[in-house]
$ cat run-v8.pdb   # PDB, C-alpha atoms
MODEL        1
ATOM      1  CA  MET A   1       0.000   0.000   0.000
ATOM      2  CA  PRO A   2       1.698   3.244  -1.090
ATOM      3  CA  SER A   3       2.011   6.263   1.159
ATOM      4  CA  PHE A   4       3.319   9.815   0.982
ATOM      5  CA  GLU A   5       4.604  11.992   3.800
ATOM      6  CA  THR A   6       5.072  15.758   3.463
ATOM      7  CA  SER A   7       5.481  18.884   5.523
ATOM      8  CA  MET A   8       3.199  21.838   4.904
ATOM      9  CA  ALA A   9       6.036  24.288   4.262
ATOM     10  CA  VAL A  10       4.240  25.206   1.047
ATOM     11  CA  ALA A  11       0.571  25.907   0.682
ATOM     12  CA  THR A  12      -0.315  23.163  -1.795
ATOM     13  CA  VAL A  13       1.359  19.759  -1.999
ATOM     14  CA  THR A  14       0.556  17.042  -4.544
ATOM     15  CA  LEU A  15       0.149  13.730  -2.731
ATOM     16  CA  VAL A  16      -0.718  11.376  -5.621
ATOM     17  CA  THR A  17      -0.575  12.099  -9.347
ATOM     18  CA  GLU A  18      -3.544  10.794 -11.279
ATOM     19  CA  LYS A  19      -3.361   7.276 -12.679
ATOM     20  CA  LEU A  20      -5.644   7.186 -15.686
ATOM     21  CA  ASN A  21      -7.220   3.766 -15.104
ATOM     22  CA  ALA A  22      -7.659   3.916 -11.327
ATOM     23  CA  LYS A  23      -9.130   5.934  -8.515
ATOM     24  CA  VAL A  24      -7.225   6.783  -5.337
ATOM     25  CA  LYS A  25      -8.828   5.461  -2.166
ATOM     26  CA  PRO A  26      -7.239   6.766   1.045
ATOM     27  CA  SER A  27      -6.610   4.152   3.752
ATOM     28  CA  ALA A  28      -5.295   6.424   6.492
ATOM     29  CA  ILE A  29      -4.385  10.068   6.954
ATOM     30  CA  PHE A  30      -2.115  11.200   9.796
ATOM     31  CA  VAL A  31      -1.679  14.892  10.573
ATOM     32  CA  ASP A  32       1.134  15.609  13.032
ATOM     33  CA  ASN A  33       0.725  19.181  14.264
ATOM     34  CA  VAL A  34       2.526  18.590  17.596
ATOM     35  CA  ASN A  35       5.464  20.904  16.889
ATOM     36  CA  ALA A  36       3.554  23.374  14.721
ATOM     37  CA  GLY A  37       3.048  26.965  15.798
ATOM     38  CA  ALA A  38      -0.558  27.290  14.559
ATOM     39  CA  ASP A  39      -3.746  25.324  14.122
ATOM     40  CA  ALA A  40      -3.852  23.314  10.895
ATOM     41  CA  SER A  41      -6.770  23.618   8.549
ATOM     42  CA  LEU A  42      -6.225  21.136   5.734
ATOM     43  CA  LEU A  43      -8.230  20.569   2.582
ATOM     44  CA  PHE A  44      -7.753  17.353   0.592
ATOM     45  CA  GLN A  45      -8.635  18.139  -2.994
ATOM     46  CA  ASP A  46      -9.287  16.151  -6.160
ATOM     47  CA  VAL A  47      -7.886  17.912  -9.244
ATOM     48  CA  PHE A  48      -8.706  16.733 -12.754
ATOM     49  CA  THR A  49      -9.881  17.716 -16.198
ATOM     50  CA  PRO A  50     -13.128  15.907 -17.075
ATOM     51  CA  SER A  51     -13.603  14.128 -20.385
ATOM     52  CA  VAL A  52     -15.452  15.672 -23.294
ATOM     53  CA  THR A  53     -19.124  14.865 -22.798
ATOM     54  CA  ASN A  54     -22.461  15.585 -24.376
ATOM     55  CA  LEU A  55     -23.010  18.738 -22.278
ATOM     56  CA  VAL A  56     -19.388  19.878 -21.915
ATOM     57  CA  PRO A  57     -17.510  19.942 -25.242
ATOM     58  CA  VAL A  58     -14.553  21.904 -23.798
ATOM     59  CA  PRO A  59     -13.922  20.743 -20.222
ATOM     60  CA  VAL A  60     -11.717  22.781 -17.886
ATOM     61  CA  LEU A  61      -9.476  21.925 -14.936
ATOM     62  CA  THR A  62     -11.723  21.156 -11.973
ATOM     63  CA  THR A  63     -10.947  21.087  -8.242
ATOM     64  CA  VAL A  64     -13.266  19.328  -5.787
ATOM     65  CA  THR A  65     -12.581  19.297  -2.048
ATOM     66  CA  ARG A  66     -13.207  15.751  -0.798
ATOM     67  CA  LEU A  67     -12.155  16.102   2.847
ATOM     68  CA  ALA A  68     -11.322  18.829   5.398
ATOM     69  CA  ILE A  69      -9.367  18.125   8.585
ATOM     70  CA  ASN A  70      -8.688  20.658  11.364
ATOM     71  CA  VAL A  71      -5.995  19.919  13.955
ATOM     72  CA  ALA A  72      -5.129  22.272  16.806
ATOM     73  CA  ALA A  73      -1.504  23.314  17.386
ATOM     74  CA  GLY A  74       0.256  20.785  19.614
ATOM     75  CA  GLN A  75      -2.127  17.992  18.600
ATOM     76  CA  MET A  76      -2.177  15.174  16.078
ATOM     77  CA  SER A  77      -4.974  13.434  14.191
ATOM     78  CA  SER A  78      -5.378   9.932  12.773
ATOM     79  CA  THR A  79      -8.186   9.237  10.328
ATOM     80  CA  MET A  80      -8.435   5.540   9.614
ATOM     81  CA  GLU A  81      -9.874   3.413   6.824
ATOM     82  CA  ASP A  82     -13.323   2.891   8.331
ATOM     83  CA  LEU A  83     -13.917   6.636   8.063
ATOM     84  CA  LEU A  84     -12.246   7.005   4.662
ATOM     85  CA  LYS A  85     -13.446   3.915   2.802
ATOM     86  CA  ASP A  86     -16.158   5.706   0.845
ATOM     87  CA  ILE A  87     -13.953   8.557  -0.345
ATOM     88  CA  ASP A  88     -12.535   8.308  -3.867
ATOM     89  CA  PHE A  89     -10.272  10.713  -5.695
ATOM     90  CA  ILE A  90     -10.654  10.405  -9.467
ATOM     91  CA  GLY A  91      -7.764  12.715 -10.371
ATOM     92  CA  THR A  92      -4.641  14.093  -8.705
ATOM     93  CA  VAL A  93      -4.770  14.325  -4.898
ATOM     94  CA  GLN A  94      -3.461  17.495  -3.299
ATOM     95  CA  VAL A  95      -3.502  18.924   0.207
ATOM     96  CA  VAL A  96      -3.863  22.636   0.886
ATOM     97  CA  ARG A  97      -3.041  24.489   4.114
ATOM     98  CA  SER A  98      -3.826  28.186   4.452
ATOM     99  CA  VAL A  99      -1.095  28.899   7.057
ATOM    100  CA  LEU A 100       2.321  27.539   6.059
ATOM    101  CA  ASP A 101       4.160  25.552   8.714
ATOM    102  CA  ALA A 102       7.076  23.214   8.033
ATOM    103  CA  ASN A 103       6.389  21.472  11.351
ATOM    104  CA  CYS A 104       2.948  20.313  10.240
ATOM    105  CA  LEU A 105       3.442  16.814   8.818
ATOM    106  CA  VAL A 106       0.880  15.002   6.706
ATOM    107  CA  THR A 107       1.054  11.286   5.883
ATOM    108  CA  PHE A 108      -1.358   9.980   3.231
ATOM    109  CA  ILE A 109      -1.714   6.195   2.828
ATOM    110  CA  TYR A 110      -3.814   4.982  -0.087
ATOM    111  CA  LYS A 111      -4.821   2.240  -2.493
ATOM    112  CA  LEU A 112      -5.345   2.434  -6.233
ATOM    113  CA  VAL A 113      -8.671   0.846  -7.151
TER     114      VAL A 113
ATOM    115  CA  MET B   1     -22.253 -10.046 -31.853
ATOM    116  CA  ILE B   2     -23.023  -8.861 -28.320
ATOM    117  CA  GLU B   3     -23.411 -11.318 -25.462
ATOM    118  CA  LEU B   4     -23.779 -11.042 -21.711
ATOM    119  CA  LYS B   5     -22.564 -14.300 -20.154
ATOM    120  CA  PRO B   6     -24.699 -15.277 -17.157
ATOM    121  CA  MET B   7     -23.261 -16.075 -13.735
ATOM    122  CA  PRO B   8     -22.167 -19.743 -13.738
ATOM    123  CA  MET B   9     -24.660 -22.135 -12.111
ATOM    124  CA  ALA B  10     -22.127 -24.932 -11.867
ATOM    125  CA  THR B  11     -18.423 -25.430 -12.241
ATOM    126  CA  VAL B  12     -16.810 -27.938 -14.531
ATOM    127  CA  SER B  13     -13.428 -29.527 -14.189
ATOM    128  CA  PRO B  14     -11.182 -29.142 -16.054
ATOM    129  CA  GLY B  15     -12.271 -25.562 -16.745
ATOM    130  CA  VAL B  16     -13.527 -24.388 -20.118
ATOM    131  CA  PRO B  17     -11.638 -21.458 -21.709
ATOM    132  CA  ALA B  18     -13.696 -18.264 -21.712
ATOM    133  CA  LEU B  19     -12.239 -17.039 -24.995
ATOM    134  CA  LEU B  20     -12.014 -18.534 -28.470
ATOM    135  CA  GLN B  21      -8.950 -20.768 -28.785
ATOM    136  CA  GLU B  22      -6.826 -22.051 -31.613
ATOM    137  CA  GLY B  23      -8.698 -24.822 -33.451
ATOM    138  CA  TYR B  24     -12.173 -23.606 -32.418
ATOM    139  CA  TYR B  25     -14.833 -23.235 -35.117
ATOM    140  CA  VAL B  26     -16.639 -19.960 -35.828
ATOM    141  CA  GLN B  27     -19.818 -19.653 -37.892
ATOM    142  CA  PHE B  28     -21.267 -16.317 -38.975
ATOM    143  CA  SER B  29     -25.054 -16.441 -39.165
ATOM    144  CA  ASP B  30     -26.856 -15.964 -42.482
ATOM    145  CA  SER B  31     -28.135 -12.512 -41.478
ATOM    146  CA  TRP B  32     -24.827 -10.734 -42.020
ATOM    147  CA  PRO B  33     -24.998  -8.408 -45.052
ATOM    148  CA  SER B  34     -23.467  -9.425 -48.360
ATOM    149  CA  THR B  35     -21.373  -6.225 -48.340
ATOM    150  CA  LEU B  36     -19.149  -7.952 -45.770
ATOM    151  CA  SER B  37     -17.815 -10.427 -48.295
ATOM    152  CA  ASN B  38     -14.994 -11.510 -45.980
ATOM    153  CA  ILE B  39     -17.521 -13.365 -43.796
ATOM    154  CA  THR B  40     -20.406 -14.021 -46.221
ATOM    155  CA  TYR B  41     -20.865 -15.680 -49.610
ATOM    156  CA  GLU B  42     -23.600 -15.869 -52.217
ATOM    157  CA  ASP B  43     -25.382 -19.195 -52.345
ATOM    158  CA  ARG B  44     -26.176 -18.942 -56.076
ATOM    159  CA  GLN B  45     -28.274 -22.111 -56.066
ATOM    160  CA  ASN B  46     -30.759 -20.593 -53.611
ATOM    161  CA  GLY B  47     -30.050 -16.927 -54.367
ATOM    162  CA  ILE B  48     -29.314 -15.983 -50.752
ATOM    163  CA  THR B  49     -26.398 -14.660 -48.697
ATOM    164  CA  LYS B  50     -24.924 -17.098 -46.202
ATOM    165  CA  GLY B  51     -22.412 -16.733 -43.403
ATOM    166  CA  LYS B  52     -19.026 -18.321 -43.855
ATOM    167  CA  PHE B  53     -17.540 -21.006 -41.620
ATOM    168  CA  PHE B  54     -14.041 -20.642 -40.157
ATOM    169  CA  GLN B  55     -11.514 -22.330 -37.916
ATOM    170  CA  VAL B  56      -9.415 -20.206 -35.565
ATOM    171  CA  ALA B  57      -5.797 -20.542 -36.713
ATOM    172  CA  ALA B  58      -4.148 -18.309 -34.105
ATOM    173  CA  THR B  59      -5.098 -16.118 -31.176
ATOM    174  CA  ASN B  60      -3.478 -13.333 -29.226
ATOM    175  CA  GLN B  61      -4.986 -11.634 -26.185
ATOM    176  CA  VAL B  62      -4.347  -7.922 -25.828
ATOM    177  CA  THR B  63      -5.486  -6.009 -22.752
ATOM    178  CA  TYR B  64      -6.501  -2.366 -22.844
ATOM    179  CA  ASP B  65      -8.267   0.101 -20.561
ATOM    180  CA  LEU B  66     -10.449   3.062 -21.483
ATOM    181  CA  SER B  67     -11.084   5.759 -18.908
ATOM    182  CA  TYR B  68     -13.416   8.756 -18.805
ATOM    183  CA  LYS B  69     -14.234  11.297 -16.088
ATOM    184  CA  ILE B  70     -17.868  12.282 -16.556
ATOM    185  CA  PRO B  71     -20.068  14.645 -14.512
ATOM    186  CA  ALA B  72     -23.344  13.390 -13.057
ATOM    187  CA  ASN B  73     -26.372  13.414 -15.380
ATOM    188  CA  ASP B  74     -24.164  13.634 -18.457
ATOM    189  CA  PHE B  75     -22.881  11.042 -20.909
ATOM    190  CA  ARG B  76     -20.200  10.303 -23.442
ATOM    191  CA  ASP B  77     -20.562   8.178 -26.561
ATOM    192  CA  ILE B  78     -17.640   5.832 -27.178
ATOM    193  CA  ASP B  79     -17.299   4.595 -30.729
ATOM    194  CA  PHE B  80     -15.346   1.325 -30.895
ATOM    195  CA  SER B  81     -14.791   1.480 -34.662
ATOM    196  CA  ASN B  82     -11.812   2.821 -36.594
ATOM    197  CA  ILE B  83     -13.338   6.086 -37.856
ATOM    198  CA  ALA B  84     -11.658   9.388 -36.925
ATOM    199  CA  ASN B  85     -11.668  10.136 -33.164
ATOM    200  CA  ALA B  86     -12.999   6.653 -32.358
ATOM    201  CA  GLU B  87     -11.246   4.026 -30.248
ATOM    202  CA  ASN B  88      -9.855   1.955 -33.175
ATOM    203  CA  LEU B  89     -10.941  -1.386 -31.746
ATOM    204  CA  TYR B  90     -11.958  -2.937 -35.081
ATOM    205  CA  PRO B  91      -9.607  -5.188 -37.049
ATOM    206  CA  THR B  92      -8.157  -3.964 -40.322
ATOM    207  CA  ASN B  93      -7.389  -7.415 -41.706
ATOM    208  CA  PRO B  94     -10.371  -9.142 -43.401
ATOM    209  CA  LYS B  95      -9.293 -12.494 -41.904
ATOM    210  CA  THR B  96      -9.241 -11.256 -38.316
ATOM    211  CA  LEU B  97     -12.044 -11.485 -35.778
ATOM    212  CA  TYR B  98     -11.804  -9.480 -32.556
ATOM    213  CA  GLU B  99     -13.548 -11.127 -29.626
ATOM    214  CA  VAL B 100     -13.653  -8.395 -26.981
ATOM    215  CA  GLN B 101     -14.311  -9.108 -23.309
ATOM    216  CA  MET B 102     -15.476  -5.982 -21.498
ATOM    217  CA  GLY B 103     -15.897  -5.163 -17.800
ATOM    218  CA  PHE B 104     -16.206  -2.065 -15.639
ATOM    219  CA  LYS B 105     -14.480  -0.890 -12.503
ATOM    220  CA  ASP B 106     -16.887   0.133  -9.762
ATOM    221  CA  ALA B 107     -18.556   3.463 -10.596
ATOM    222  CA  ASN B 108     -21.996   5.081 -10.570
ATOM    223  CA  LEU B 109     -22.392   4.449 -14.296
ATOM    224  CA  LEU B 110     -24.974   3.092 -16.696
ATOM    225  CA  ALA B 111     -23.861   1.756 -20.089
ATOM    226  CA  TYR B 112     -26.094   1.503 -23.156
ATOM    227  CA  PHE B 113     -25.161  -0.199 -26.403
ATOM    228  CA  ASN B 114     -26.051   1.196 -29.835
ATOM    229  CA  ILE B 115     -25.487  -0.367 -33.218
ATOM    230  CA  PRO B 116     -25.693   1.364 -35.584
ATOM    231  CA  ALA B 117     -25.615   4.848 -34.000
ATOM    232  CA  GLY B 118     -28.910   5.856 -32.408
ATOM    233  CA  GLU B 119     -30.377   2.349 -32.264
ATOM    234  CA  TYR B 120     -30.310   0.734 -28.847
ATOM    235  CA  VAL B 121     -29.627  -2.987 -28.618
ATOM    236  CA  SER B 122     -31.802  -3.372 -25.510
ATOM    237  CA  ARG B 123     -35.400  -2.210 -25.667
ATOM    238  CA  LEU B 124     -38.877  -3.571 -25.018
ATOM    239  CA  GLU B 125     -41.663  -4.024 -27.523
ATOM    240  CA  GLN B 126     -43.924  -1.137 -26.482
ATOM    241  CA  SER B 127     -42.775   1.878 -28.524
ATOM    242  CA  SER B 128     -41.922   4.146 -25.588
ATOM    243  CA  MET B 129     -39.882   1.506 -23.800
ATOM    244  CA  VAL B 130     -36.469   2.520 -25.075
ATOM    245  CA  PRO B 131     -33.575   4.024 -23.131
ATOM    246  CA  PRO B 132     -33.611   7.842 -23.189
ATOM    247  CA  THR B 133     -31.789   9.552 -26.050
ATOM    248  CA  ALA B 134     -31.612  13.210 -24.963
ATOM    249  CA  LEU B 135     -30.609  14.846 -21.688
ATOM    250  CA  PRO B 136     -31.998  15.145 -19.097
ATOM    251  CA  PHE B 137     -32.593  11.400 -18.995
ATOM    252  CA  SER B 138     -35.929  10.157 -17.702
ATOM    253  CA  ALA B 139     -35.619   9.183 -14.017
ATOM    254  CA  THR B 140     -37.087   5.760 -14.775
ATOM    255  CA  LEU B 141     -36.171   4.931 -18.378
ATOM    256  CA  ARG B 142     -32.486   5.552 -17.675
ATOM    257  CA  TYR B 143     -32.461   2.112 -16.043
ATOM    258  CA  LEU B 144     -34.024   0.375 -19.053
ATOM    259  CA  GLY B 145     -31.529  -1.828 -20.825
ATOM    260  CA  ALA B 146     -28.580  -0.284 -18.991
ATOM    261  CA  LYS B 147     -25.615  -2.385 -17.943
ATOM    262  CA  LYS B 148     -23.988  -1.625 -14.593
ATOM    263  CA  PRO B 149     -20.521  -2.499 -13.269
ATOM    264  CA  GLU B 150     -21.934  -5.400 -11.244
ATOM    265  CA  ASP B 151     -23.226  -6.970 -14.493
ATOM    266  CA  SER B 152     -19.679  -7.278 -15.791
ATOM    267  CA  PRO B 153     -17.012  -6.515 -13.175
ATOM    268  CA  TYR B 154     -13.511  -5.538 -14.269
ATOM    269  CA  ASN B 155     -12.030  -8.746 -12.820
ATOM    270  CA  ASP B 156     -14.815 -11.047 -14.053
ATOM    271  CA  LYS B 157     -15.707  -9.708 -17.486
ATOM    272  CA  ARG B 158     -19.043 -11.009 -18.799
ATOM    273  CA  ILE B 159     -19.813  -8.784 -21.783
ATOM    274  CA  TYR B 160     -18.540 -10.190 -25.080
ATOM    275  CA  LEU B 161     -18.400  -8.229 -28.329
ATOM    276  CA  TYR B 162     -17.415  -9.509 -31.773
ATOM    277  CA  PHE B 163     -15.916  -7.124 -34.304
ATOM    278  CA  ILE B 164     -14.853  -7.666 -37.897
ATOM    279  CA  LYS B 165     -13.370  -5.325 -40.474
ATOM    280  CA  ASP B 166     -15.768  -2.704 -41.878
ATOM    281  CA  MET B 167     -18.617  -3.620 -39.529
ATOM    282  CA  GLU B 168     -20.963  -0.761 -38.647
ATOM    283  CA  PRO B 169     -19.788   1.306 -35.670
ATOM    284  CA  PHE B 170     -20.622  -0.098 -32.245
ATOM    285  CA  ILE B 171     -21.256   2.743 -29.809
ATOM    286  CA  MET B 172     -21.363   2.528 -26.043
ATOM    287  CA  ARG B 173     -23.055   5.407 -24.241
ATOM    288  CA  LEU B 174     -21.592   5.855 -20.733
ATOM    289  CA  PHE B 175     -23.918   7.812 -18.447
ATOM    290  CA  VAL B 176     -23.038   8.831 -14.895
ATOM    291  CA  ASP B 177     -26.118   8.620 -12.725
ATOM    292  CA  ASN B 178     -26.949  11.286 -10.154
ATOM    293  CA  GLY B 179     -25.700  10.960  -6.569
ATOM    294  CA  VAL B 180     -22.079  11.937  -7.277
ATOM    295  CA  ASP B 181     -20.402  15.083  -8.631
ATOM    296  CA  PHE B 182     -18.179  13.287 -11.146
ATOM    297  CA  ASP B 183     -17.181   9.692 -11.600
ATOM    298  CA  LYS B 184     -14.316   7.962 -13.304
ATOM    299  CA  CYS B 185     -15.556   5.216 -15.624
ATOM    300  CA  VAL B 186     -12.818   2.662 -16.286
ATOM    301  CA  VAL B 187     -13.659   0.143 -19.003
ATOM    302  CA  GLY B 188     -11.397  -2.911 -19.007
ATOM    303  CA  LEU B 189     -10.992  -4.761 -22.308
ATOM    304  CA  VAL B 190      -9.385  -8.000 -23.380
ATOM    305  CA  VAL B 191      -9.166  -8.102 -27.158
ATOM    306  CA  ASN B 192      -8.806 -11.717 -28.261
ATOM    307  CA  LYS B 193      -7.374 -11.394 -31.770
ATOM    308  CA  CYS B 194      -8.426 -14.451 -33.772
ATOM    309  CA  TYR B 195      -6.924 -15.192 -37.161
ATOM    310  CA  LEU B 196      -9.525 -17.114 -39.170
ATOM    311  CA  ASP B 197      -9.052 -19.788 -41.814
ATOM    312  CA  GLU B 198     -12.125 -20.306 -43.997
ATOM    313  CA  ILE B 199     -13.536 -23.817 -44.401
ATOM    314  CA  LYS B 200     -15.522 -24.179 -47.613
ATOM    315  CA  PRO B 201     -19.195 -25.218 -47.173
ATOM    316  CA  ASN B 202     -18.721 -28.652 -48.765
ATOM    317  CA  HIS B 203     -16.070 -29.460 -46.129
ATOM    318  CA  VAL B 204     -18.192 -28.485 -43.110
ATOM    319  CA  SER B 205     -19.675 -31.483 -41.287
ATOM    320  CA  ASP B 206     -22.692 -31.417 -38.961
ATOM    321  CA  GLN B 207     -20.362 -32.231 -36.080
ATOM    322  CA  MET B 208     -18.225 -29.161 -36.864
ATOM    323  CA  LYS B 209     -21.377 -27.030 -37.077
ATOM    324  CA  SER B 210     -22.610 -28.262 -33.692
ATOM    325  CA  LYS B 211     -19.303 -27.263 -32.063
ATOM    326  CA  ALA B 212     -19.024 -23.877 -33.766
ATOM    327  CA  LYS B 213     -19.377 -20.539 -32.031
ATOM    328  CA  VAL B 214     -22.211 -18.837 -33.924
ATOM    329  CA  ILE B 215     -21.795 -15.073 -34.266
ATOM    330  CA  ARG B 216     -25.103 -13.378 -34.933
ATOM    331  CA  TYR B 217     -25.745 -10.058 -36.630
ATOM    332  CA  TYR B 218     -27.211  -7.227 -34.554
ATOM    333  CA  SER B 219     -30.544  -7.399 -36.361
ATOM    334  CA  GLU B 220     -31.017 -10.857 -34.825
ATOM    335  CA  LEU B 221     -30.363  -9.526 -31.315
ATOM    336  CA  ARG B 222     -32.921  -6.706 -31.539
ATOM    337  CA  TRP B 223     -36.067  -8.649 -32.394
TER     338      TRP B 223
ENDMDL
END
$ encode --input "run-v8.pdb" --output "structure tokens"
Amino acid sequence: MPSFETSMAVATVTLVTEKLNAKVKPSAIFVDNVNAGADASLLFQDVFTPSVTNLVPVPVLTTVTRLAINVAAGQMSSTMEDLLKDIDFIGTVQVVRSVLDANCLVTFIYKLV
Amino acid sequence: MIELKPMPMATVSPGVPALLQEGYYVQFSDSWPSTLSNITYEDRQNGITKGKFFQVAATNQVTYDLSYKIPANDFRDIDFSNIANAENLYPTNPKTLYEVQMGFKDANLLAYFNIPAGEYVSRLEQSSMVPPTALPFSATLRYLGAKKPEDSPYNDKRIYLYFIKDMEPFIMRLFVDNGVDFDKCVVGLVVNKCYLDEIKPNHVSDQMKSKAKVIRYYSELRW
């Protein structure tokens, strides 16, 4: 099961690049905000360009927020598979934090289905 | 030409191959048009067109995936033929038959089959009982004749399609049902390339006919 760990020293971090013939299903998300100086407000977003369809002949890049996690400074959060099992990302997965903090660590564990 | 294999009611041992194999017989039904002279011939004695009889000389299985991200309550038509902007899943050699196994990864999709364009394969006899053609789709008729991923899962493909050179375009309409924002529709294919050797009618025995895989024309499926 692949995973990706990153610090939120930049506002937007790509966690998984889209695989054309699979969706990304998160298995666990850990947010370590223990050493961070501010509360973490994280958005997990699905970024993709839809296919040409009957109603949309010229599709544009689309961003859908699939999950939001807030963790207070000095705390950590674990979101496990039973809470994540019905969330699918159909494109690239990225995480966005409004306040940059290199001490906020995010670990994203996932399956390709 | 299009088949949905039912769930097995019993298992046999040793197992039976799901795809056409080398040495298998293939018979095209007599309903195929005479314009497809690679698989039909003129029976001059009776003045009718008949389907040719073949033996599979060689096979080769090629896997392929198609993928589309479609918003809810919208659809995309996927043309399997070799015309411009289509998926190029038809053979170009007149002696080749493509037997295509198709399955879907889990998604909130409904799939409808058209051949030729605009004519649904699955419909009922009452004139209004056809799948919807224009958006927004009827809340009830959208489920008429639609195949869902559980009908043919990606890892247990049950939909079989048979394509020959210059056949009319087969079109699959993929519709994403409401309840999601977008969905990714992944269509898994196994293209079993079969190279066919013709057996002349006077060399075809009843025993060979009884063992042959009969491939019917779409007009026979939509009665």
$ closest_residue --input "run-v8.pdb" --among "A:Leu84, A:Val24, A:Val93, A:Ile29" --to "chain B" --atoms "all atoms listed in the file"
A:Val24
$ resolve_selection --input "run-v8.pdb" --expression "the PyMOL selection byres ((chain A) within 6 of (chain B))" --output "list in words"
Asn21, Pro50, Ser51, Thr53, Asn54 and Ile90 of chain A
$ residues_around --input "run-v8.pdb" --residues "range 70-72 of chain A" --least-positions-apart "3" --cutoff "6 Å" --atoms "all atoms listed in the file" --output "list of chain:residue names"
A:Asp39, A:Ala40, A:Ser41, A:Gln75
$ atom_distance --input "run-v8.pdb" --atom1 "CA of Tyr41 in chain B" --atom2 "CA of Glu220 in chain B"
18.6 Å
$ closest_residue --input "run-v8.pdb" --among "A:Ala73, A:Leu55, A:Leu15, A:Ala68" --to "Ile109 in chain A" --atoms "only C-alpha atoms"
A:Leu15
$ atom_distance --input "run-v8.pdb" --atom1 "CA of Val56 in chain A" --atom2 "CA of Thr17 in chain A"
23.9 Å
$ atom_distance --input "run-v8.pdb" --atom1 "CA of Asp206 in chain B" --atom2 "CA of Tyr24 in chain B"
14.6 Å
$ resolve_selection --input "run-v8.pdb" --expression "the PyMOL selection byres ((chain B and resi 89) around 9)" --output "list in words"
Asp79, Phe80, Ser81, Asn82, Ala86, Glu87, Asn88, Tyr90, Pro91, Tyr98, Val100, Phe163 and Val191 of chain B
$ resolve_selection --input "run-v8.pdb" --expression "the PyMOL selection byres ((chain B and resi 39) around 7)" --output "mmCIF file with C-alpha atoms, in the frame of the given file"
data_model
loop_
_atom_site.group_PDB
_atom_site.id
_atom_site.type_symbol
_atom_site.label_atom_id
_atom_site.label_comp_id
_atom_site.auth_asym_id
_atom_site.auth_seq_id
_atom_site.Cartn_x
_atom_site.Cartn_y
_atom_site.Cartn_z
ATOM 1 C CA PHE B 28 -21.267 -16.317 -38.975
ATOM 2 C CA LEU B 36 -19.149 -7.952 -45.770
ATOM 3 C CA SER B 37 -17.815 -10.427 -48.295
ATOM 4 C CA ASN B 38 -14.994 -11.510 -45.980
ATOM 5 C CA THR B 40 -20.406 -14.021 -46.221
ATOM 6 C CA GLY B 51 -22.412 -16.733 -43.403
ATOM 7 C CA LYS B 52 -19.026 -18.321 -43.855
#
$ residues_around --input "run-v8.pdb" --residues "Lys23 in chain A" --least-positions-apart "6" --cutoff "9 Å" --atoms "only C-alpha atoms" --output "JSON, numbers by chain"
{"A": [88, 89, 90, 91, 111, 112, 113], "B": [184]}
$ residues_around --input "run-v8.pdb" --residues "Met1 in chain B" --least-positions-apart "4" --cutoff "12 Å" --atoms "only C-alpha atoms" --output "JSON, numbers by chain"
{"B": [27, 28, 29, 31, 32, 97, 98, 99, 100, 101, 113, 115, 121, 159, 160, 161, 162, 163, 164, 167, 168, 170, 213, 214, 215, 216, 217, 218, 219, 220, 221, 222]}
$ closest_residue --input "run-v8.pdb" --among "A:Ala28, A:Val13, A:Leu20, A:Leu67" --to "Thr107 in chain A" --atoms "all atoms listed in the file"
A:Ala28
$ closest_residue --input "run-v8.pdb" --among "A:Gln45, A:Ile87, A:Val58, A:Phe108" --to "Met1 in chain A" --atoms "all atoms listed in the file"
A:Phe108
$ axis_aligned_box --input "run-v8.pdb" --around "range 7-11 of chain A" --padding-each-side "5 Å" --output "lines of an AutoDock Vina configuration file"
center_x = 3.3
center_y = 22.4
center_z = 3.1
size_x = 15.5
size_y = 17.0
size_z = 14.8
$ residues_near_point --input "run-v8.pdb" --point "(-2.6, 19.9, -5.3)" --cutoff "10 Å" --atoms "only C-alpha atoms" --output "list in words"
Ala11, Thr12, Val13, Thr14, Leu15, Val16, Thr17, Leu43, Phe44, Gln45, Asp46, Val47, Thr63, Thr92, Val93, Gln94, Val95 and Val96 of chain A
$ closest_residue --input "run-v8.pdb" --among "A:Glu5, A:Ser27, A:Phe48, A:Val106" --to "Asp86 in chain A" --atoms "all atoms listed in the file"
A:Ser27
